[in-house]
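Undergrad: Have a look at this one.
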Amino acid sequence: MPSAAHPAVSVVIVAYNSGPTLARCLAALKAQTFTDFETLLVDNGEPGANDGAPARAAQADPAMKLISAQGNLGFAAGNNLAAREAKGRWLVLLNPDAYAAPDWLERLVDAAARYPACSAFTSRQLMDQTPERLDGLGDVMFAAGIPYRGGYGQTDPGDTPEGEVFSPCGAAMMIDRALFLSMGGFDESFFCYCEDVDLGFRLQLAGEPVLIIPSAVVRHHGSASSGGPASEFAVSHGTRNRLWMLVKDLPSLLLVPVLLAHVAAVSLQCALARRDPAAAMTMRALIQGCQTASTPWQSRRSVQAARKASVLDILRAMTWNPRDVLGMKPVIRPIRSRVKAR
């Protein structure tokens with residue numbers, strides 16, 4: 001049983017009208033073989049206009065800590081709010097539409113013990129509707145500034161070797177809470193979408209490796225609270241935030257060439273898919289991102305001042321093969337010697 005004062009792990013779930021999935025998420029969490037954790041449930045719904053699922057869940061489990069955000073703060077700010085109140089050494093973020101295998105937490109905690117030089121871990125995610133297919137095997141950054149979830153939609157290869165990835169997926173990740181807070185947590189100006197890749201980019205800049213632990217498995221529904229990945233909300237926030245992330249995180253030597261390549265790649269993609277309604281939404285969001293780039297620019301100085309990794313390190317952390325991004329290929333690199341397991 002967890003210690004009320006000092007649990008090893010704090011699991012954070014940010015819920016926004018997540019009633020259809022939240023109960024199943026919490027049931028899977030209760031079935032974990034590792035039990036030294038607290039659960040913090042953030043109710044991100046508007047007062048009087050939410051589905052009431054978080055309140056019902058907290059009433060059914062008095063050990064759970066319910067945090068009312070008093071409105072929709074977004075995924076980024078909701079997780080930051082809970083992180084400040086958490087007590088565990090490790091902060092585990094779990095989407096309310098992600099369903100953990102019984103040994104999920106045990107696998108992540110075991111990895112942290114085996115890799116004491118690593119402070120961030122991510123999970124193997126399977127599509128809940130078709131669990132023989134991957135929802136993600138770590139996030140990848142293509143050199144044109146296009147992040148993607150490695151292996152998305154591909155056949156699950158099973159328990160592949162552990163390795164380093166560009167960034168963790170916020171749907172099911174673990175990070176040292178002190179590190180998360182010292183880095184400012186998620187960028188709240190992003191609201192939601194791509195805030196986890198932004199965090200991963202900042203971890204790369206800080207020289208902090210991110211490990212994929214394929215034996216730590218969740219099934220993920222995906223975008224259950226935001227209308228689906230092709231909704232205007234998801235497309236507009238995802239497109240804008242990708243650009244903001246690049247403006248904020250790219251080292252100076254890479255800023256102009258990668259931004260130009262990014263705008264060209266997204267514009268070409270929209271031109272080729274001009275009959276798709278999402279193409280028009282994407283172009284509008286790209287233009288809006290350029291018009292509002294002063295927002296991430298304000299954070300750029302502090303992010304770059306804290307950089308420890310070389311430009312070459314960042315280039316190596318990306319993939320340069322267009323076939324990777326076209327095929328959504330996972331890119332998992334061998335674990336560096338300084339991170340090697342005990």
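All residue names refer to the structure tokens as shown: chains lettered A, B, ... in order, residues numbered from 1 in each chain, ligands numbered from 1 in order.
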Leaving out region 275-285 of chain A and any residue of its chain fewer than 2 positions from it, which residues lie within 7 Å of it when counting only C-alpha atoms, given as a VMD selection string?
TA: chain A and resid 230 232 235 to 236 239 to 240 270 273 287 to 289
Undergrad: How would the residues just picked look written out with C-alpha atoms as a PDB file, in the first residue's frame?
TA:
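The result, written out as part_39.pdb:
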ATOM      1  CA  ALA A 230      -9.267  15.293 -37.506  1.00  0.00           C
ATOM      2  CA  GLU A 232     -10.873  21.460 -36.171  1.00  0.00           C
ATOM      3  CA  VAL A 235      -5.872  20.198 -36.251  1.00  0.00           C
ATOM      4  CA  SER A 236      -5.675  23.898 -35.371  1.00  0.00           C
ATOM      5  CA  THR A 239      -0.516  22.735 -36.343  1.00  0.00           C
ATOM      6  CA  ARG A 240      -0.024  25.980 -34.432  1.00  0.00           C
ATOM      7  CA  CYS A 270      -1.957  20.911 -47.808  1.00  0.00           C
ATOM      8  CA  ALA A 273      -4.634  17.275 -50.081  1.00  0.00           C
ATOM      9  CA  ILE A 287      -0.774  31.235 -40.727  1.00  0.00           C
ATOM     10  CA  GLN A 288      -2.113  31.887 -37.231  1.00  0.00           C
ATOM     11  CA  GLY A 289       0.988  30.258 -35.760  1.00  0.00           C
TER      12      GLY A 289
END
Undergrad: Please report, as a compact mmCIF listing (two decimals) with C-alpha atoms, in the first residue's frame, each residue of region 88-154 of chain A to which DSSP assigns strand (DSSP E) when run on this structure's backbone.
TA:
# COMPACT_ATOMS: atom_id res chain seq x y z
CA TRP A 90 8.06 10.04 -9.91
CA LEU A 91 5.30 11.79 -11.81
CA VAL A 92 3.27 9.50 -14.07
CA LEU A 93 0.93 11.09 -16.60
CA LEU A 94 -1.96 9.01 -17.89
CA ALA A 98 -5.54 5.15 -21.78
CA TYR A 99 -5.93 1.72 -20.19
CA ALA A 100 -2.83 0.35 -18.51
CA ALA A 120 12.07 10.26 -18.33
CA PHE A 121 10.36 7.14 -19.67
CA THR A 122 7.56 6.46 -22.13
CA SER A 123 5.32 3.50 -22.85
CA ARG A 124 4.35 1.22 -25.71
CA GLN A 125 0.87 2.31 -26.74
CA LEU A 126 -1.56 0.08 -28.59
CA MET A 127 -4.73 1.19 -30.35
CA LEU A 134 0.55 0.45 -32.46
CA ASP A 135 -0.74 3.76 -31.20
CA GLY A 136 2.86 4.81 -30.58
CA ASP A 139 7.67 10.22 -30.41
CA VAL A 140 9.93 10.98 -33.36
CA MET A 141 11.12 14.33 -34.76
CA PHE A 142 11.66 14.55 -38.52
CA ILE A 146 7.46 17.44 -38.06
CA PRO A 147 6.94 15.28 -34.98
CA TYR A 148 4.97 12.07 -35.15
CA ARG A 149 4.12 9.11 -32.97
Undergrad: Taking only residues of region 235-296 of chain A that have an atom at most 10 Å from an atom of region 301-309 of chain A, what is each one's shortest atom pair and its distance in Å to one decimal, using only C-alpha atoms, in chain and number order, as JSON lines?
TA:
{"residue": "A:Lys248", "atom": "CA", "partner": "A:Val303", "partner_atom": "CA", "distance": 7.2}
{"residue": "A:Asp249", "atom": "CA", "partner": "A:Val303", "partner_atom": "CA", "distance": 6.7}
{"residue": "A:Leu250", "atom": "CA", "partner": "A:Gln304", "partner_atom": "CA", "distance": 8.2}
{"residue": "A:Pro251", "atom": "CA", "partner": "A:Gln304", "partner_atom": "CA", "distance": 6.8}
{"residue": "A:Ser252", "atom": "CA", "partner": "A:Gln304", "partner_atom": "CA", "distance": 8.5}
{"residue": "A:Pro296", "atom": "CA", "partner": "A:Arg301", "partner_atom": "CA", "distance": 9.7}
Undergrad: Quick one: distance from CA of Val256 (chain A) to CA of Cys169 (chain A) in Å, one decimal?
TA: 26.6 Å
Undergrad: Enumerate, as a ChimeraX atom specification, the complete set of residues in region 192-314 of chain A that a backbone-based DSSP assignment places in helix (DSSP H, G or I).
TA: /A:195-205,232-249,252-272,277-291,294-305,311-314
Undergrad: With C-alpha atoms kept, could you save the residues just selected as a PDB file, in the first residue's frame?
TA:
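The resulting result.pdb:
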ATOM      1  CA  GLU A 195       3.097  20.087 -25.334  1.00  0.00           C
ATOM      2  CA  ASP A 196       4.641  16.668 -24.712  1.00  0.00           C
ATOM      3  CA  VAL A 197       6.906  16.962 -27.771  1.00  0.00           C
ATOM      4  CA  ASP A 198       7.881  20.453 -26.605  1.00  0.00           C
ATOM      5  CA  LEU A 199       8.810  18.957 -23.235  1.00  0.00           C
ATOM      6  CA  GLY A 200      10.748  16.216 -25.010  1.00  0.00           C
ATOM      7  CA  PHE A 201      12.607  18.785 -27.103  1.00  0.00           C
ATOM      8  CA  ARG A 202      13.556  20.691 -23.954  1.00  0.00           C
ATOM      9  CA  LEU A 203      14.729  17.424 -22.383  1.00  0.00           C
ATOM     10  CA  GLN A 204      16.934  16.874 -25.443  1.00  0.00           C
ATOM     11  CA  LEU A 205      18.320  20.406 -25.116  1.00  0.00           C
ATOM     12  CA  GLU A 232     -10.873  21.460 -36.171  1.00  0.00           C
ATOM     13  CA  PHE A 233      -9.803  21.821 -32.528  1.00  0.00           C
ATOM     14  CA  ALA A 234      -7.151  19.098 -32.840  1.00  0.00           C
ATOM     15  CA  VAL A 235      -5.872  20.198 -36.251  1.00  0.00           C
ATOM     16  CA  SER A 236      -5.675  23.898 -35.371  1.00  0.00           C
ATOM     17  CA  HIS A 237      -3.944  23.406 -32.013  1.00  0.00           C
ATOM     18  CA  GLY A 238      -1.621  20.704 -33.325  1.00  0.00           C
ATOM     19  CA  THR A 239      -0.516  22.735 -36.343  1.00  0.00           C
ATOM     20  CA  ARG A 240      -0.024  25.980 -34.432  1.00  0.00           C
ATOM     21  CA  ASN A 241       1.785  24.320 -31.549  1.00  0.00           C
ATOM     22  CA  ARG A 242       4.220  22.473 -33.821  1.00  0.00           C
ATOM     23  CA  LEU A 243       5.334  25.808 -35.215  1.00  0.00           C
ATOM     24  CA  TRP A 244       5.481  27.410 -31.761  1.00  0.00           C
ATOM     25  CA  MET A 245       7.623  24.523 -30.504  1.00  0.00           C
ATOM     26  CA  LEU A 246      10.148  25.047 -33.300  1.00  0.00           C
ATOM     27  CA  VAL A 247      10.328  28.806 -32.738  1.00  0.00           C
ATOM     28  CA  LYS A 248      10.977  28.210 -29.054  1.00  0.00           C
ATOM     29  CA  ASP A 249      13.220  25.138 -29.017  1.00  0.00           C
ATOM     30  CA  SER A 252      19.860  29.325 -33.435  1.00  0.00           C
ATOM     31  CA  LEU A 253      21.873  27.571 -36.147  1.00  0.00           C
ATOM     32  CA  LEU A 254      18.857  25.404 -37.007  1.00  0.00           C
ATOM     33  CA  LEU A 255      16.086  27.953 -36.546  1.00  0.00           C
ATOM     34  CA  VAL A 256      15.813  29.465 -40.029  1.00  0.00           C
ATOM     35  CA  PRO A 257      16.504  26.352 -42.171  1.00  0.00           C
ATOM     36  CA  VAL A 258      14.191  24.079 -40.170  1.00  0.00           C
ATOM     37  CA  LEU A 259      11.406  26.667 -39.993  1.00  0.00           C
ATOM     38  CA  LEU A 260      11.583  27.209 -43.758  1.00  0.00           C
ATOM     39  CA  ALA A 261      11.579  23.454 -44.357  1.00  0.00           C
ATOM     40  CA  HIS A 262       8.646  23.050 -41.981  1.00  0.00           C
ATOM     41  CA  VAL A 263       6.490  25.722 -43.611  1.00  0.00           C
ATOM     42  CA  ALA A 264       7.318  24.331 -47.059  1.00  0.00           C
ATOM     43  CA  ALA A 265       6.519  20.748 -46.034  1.00  0.00           C
ATOM     44  CA  VAL A 266       3.200  21.633 -44.414  1.00  0.00           C
ATOM     45  CA  SER A 267       2.214  23.867 -47.345  1.00  0.00           C
ATOM     46  CA  LEU A 268       3.030  21.111 -49.839  1.00  0.00           C
ATOM     47  CA  GLN A 269       1.070  18.591 -47.804  1.00  0.00           C
ATOM     48  CA  CYS A 270      -1.957  20.911 -47.808  1.00  0.00           C
ATOM     49  CA  ALA A 271      -1.638  21.566 -51.552  1.00  0.00           C
ATOM     50  CA  LEU A 272      -1.588  17.834 -52.308  1.00  0.00           C
ATOM     51  CA  PRO A 277     -11.266  19.874 -45.296  1.00  0.00           C
ATOM     52  CA  ALA A 278      -8.373  19.350 -42.881  1.00  0.00           C
ATOM     53  CA  ALA A 279      -5.983  20.936 -45.411  1.00  0.00           C
ATOM     54  CA  ALA A 280      -7.739  24.306 -45.203  1.00  0.00           C
ATOM     55  CA  MET A 281      -7.823  24.072 -41.397  1.00  0.00           C
ATOM     56  CA  THR A 282      -4.105  23.289 -41.361  1.00  0.00           C
ATOM     57  CA  MET A 283      -3.188  26.262 -43.537  1.00  0.00           C
ATOM     58  CA  ARG A 284      -5.271  28.630 -41.419  1.00  0.00           C
ATOM     59  CA  ALA A 285      -3.573  27.311 -38.273  1.00  0.00           C
ATOM     60  CA  LEU A 286      -0.112  27.597 -39.850  1.00  0.00           C
ATOM     61  CA  ILE A 287      -0.774  31.235 -40.727  1.00  0.00           C
ATOM     62  CA  GLN A 288      -2.113  31.887 -37.231  1.00  0.00           C
ATOM     63  CA  GLY A 289       0.988  30.258 -35.760  1.00  0.00           C
ATOM     64  CA  CYS A 290       3.219  32.595 -37.774  1.00  0.00           C
ATOM     65  CA  GLN A 291       1.158  35.624 -36.751  1.00  0.00           C
ATOM     66  CA  SER A 294       5.816  36.281 -30.494  1.00  0.00           C
ATOM     67  CA  THR A 295       4.291  34.044 -27.798  1.00  0.00           C
ATOM     68  CA  PRO A 296       6.913  31.249 -28.036  1.00  0.00           C
ATOM     69  CA  TRP A 297       9.623  33.787 -28.885  1.00  0.00           C
ATOM     70  CA  GLN A 298       9.238  35.239 -25.387  1.00  0.00           C
ATOM     71  CA  SER A 299      10.215  31.842 -23.941  1.00  0.00           C
ATOM     72  CA  ARG A 300      13.016  31.211 -26.404  1.00  0.00           C
ATOM     73  CA  ARG A 301      15.783  33.092 -24.567  1.00  0.00           C
ATOM     74  CA  SER A 302      15.396  31.130 -21.315  1.00  0.00           C
ATOM     75  CA  VAL A 303      15.068  27.797 -23.133  1.00  0.00           C
ATOM     76  CA  GLN A 304      18.211  28.339 -25.201  1.00  0.00           C
ATOM     77  CA  ALA A 305      20.155  29.723 -22.218  1.00  0.00           C
ATOM     78  CA  VAL A 311      23.639  21.312 -32.110  1.00  0.00           C
ATOM     79  CA  LEU A 312      25.091  18.021 -33.332  1.00  0.00           C
ATOM     80  CA  ASP A 313      23.381  16.211 -30.438  1.00  0.00           C
ATOM     81  CA  ILE A 314      20.032  17.672 -31.507  1.00  0.00           C
TER      82      ILE A 314
END
Undergrad: Please, what distance in Å, to one decimal, runs between CA of Ala57 (chain A) and CA of Leu22 (chain A)?
TA: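 Between CA of Ala57 (chain A) and CA of Leu22 (chain A) the gap is 8.4 Å.
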Undergrad: I'd like the interatomic distance between CA of Cys25 (chain A) and CA of Ala171 (chain A), to a tenth of an Å.
TA: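 Rounded to one decimal, the two atoms are 11.7 Å apart.
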Undergrad: What's around Val14 (chain A) at 8 Å? Count only C-alpha atoms, leave out sequence neighbours fewer than 2 positions away in its own chain, and write the answer as a PyMOL selection string.
TA: chain A and resi 12+16+41-44+75+78-79+94-96
Undergrad: In terms of the shortest atom-to-atom distance over only C-alpha atoms, which of A:Arg114, A:Thr35, A:Asn17, A:Val11 is closest to Glu85 (chain A)?
TA: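 Going through A:Arg114, A:Thr35, A:Asn17, A:Val11 one by one, the smallest distance to Glu85 (chain A) is for A:Val11.
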Undergrad: Compare A:Ile13, A:Thr130, A:Leu105, A:Ser337 by their minimum atom-to-atom distance to Gly170 (chain A), counting only C-alpha atoms, and give me the closest one.
TA: A:Ile13
Undergrad: Using only C-alpha atoms for the distances, tell me which of A:Pro20, A:Gly185, A:Gly207, A:Gly45 is nearest to Ala117 (chain A).
TA: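 Residue with the minimum atom-to-atom distance to Ala117 (chain A): A:Gly207.
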Undergrad: Looking at A:Ala28, A:Ala113, A:Ala53, A:Met173, which one is nearest to Ala216 (chain A), with distances taken over only C-alpha atoms?
TA: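 Result for the nearest residue to Ala216 (chain A): A:Met173.
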Undergrad: Please determine, counting only C-alpha atoms, which residue among A:Ser189, A:Ser310, A:Thr155, A:Gln129 has the shortest atom-to-atom distance to Ala77 (chain A).
TA: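 Under the stated criterion, the closest residue is A:Ser189.
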Undergrad: Name the closest residue to Thr21 (chain A) among the candidates A:Arg177, A:Arg323, A:Arg274, A:His220; distances are taken between atoms, counting only C-alpha atoms.
TA: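 Smallest separation from Thr21 (chain A) among the options: A:His220.
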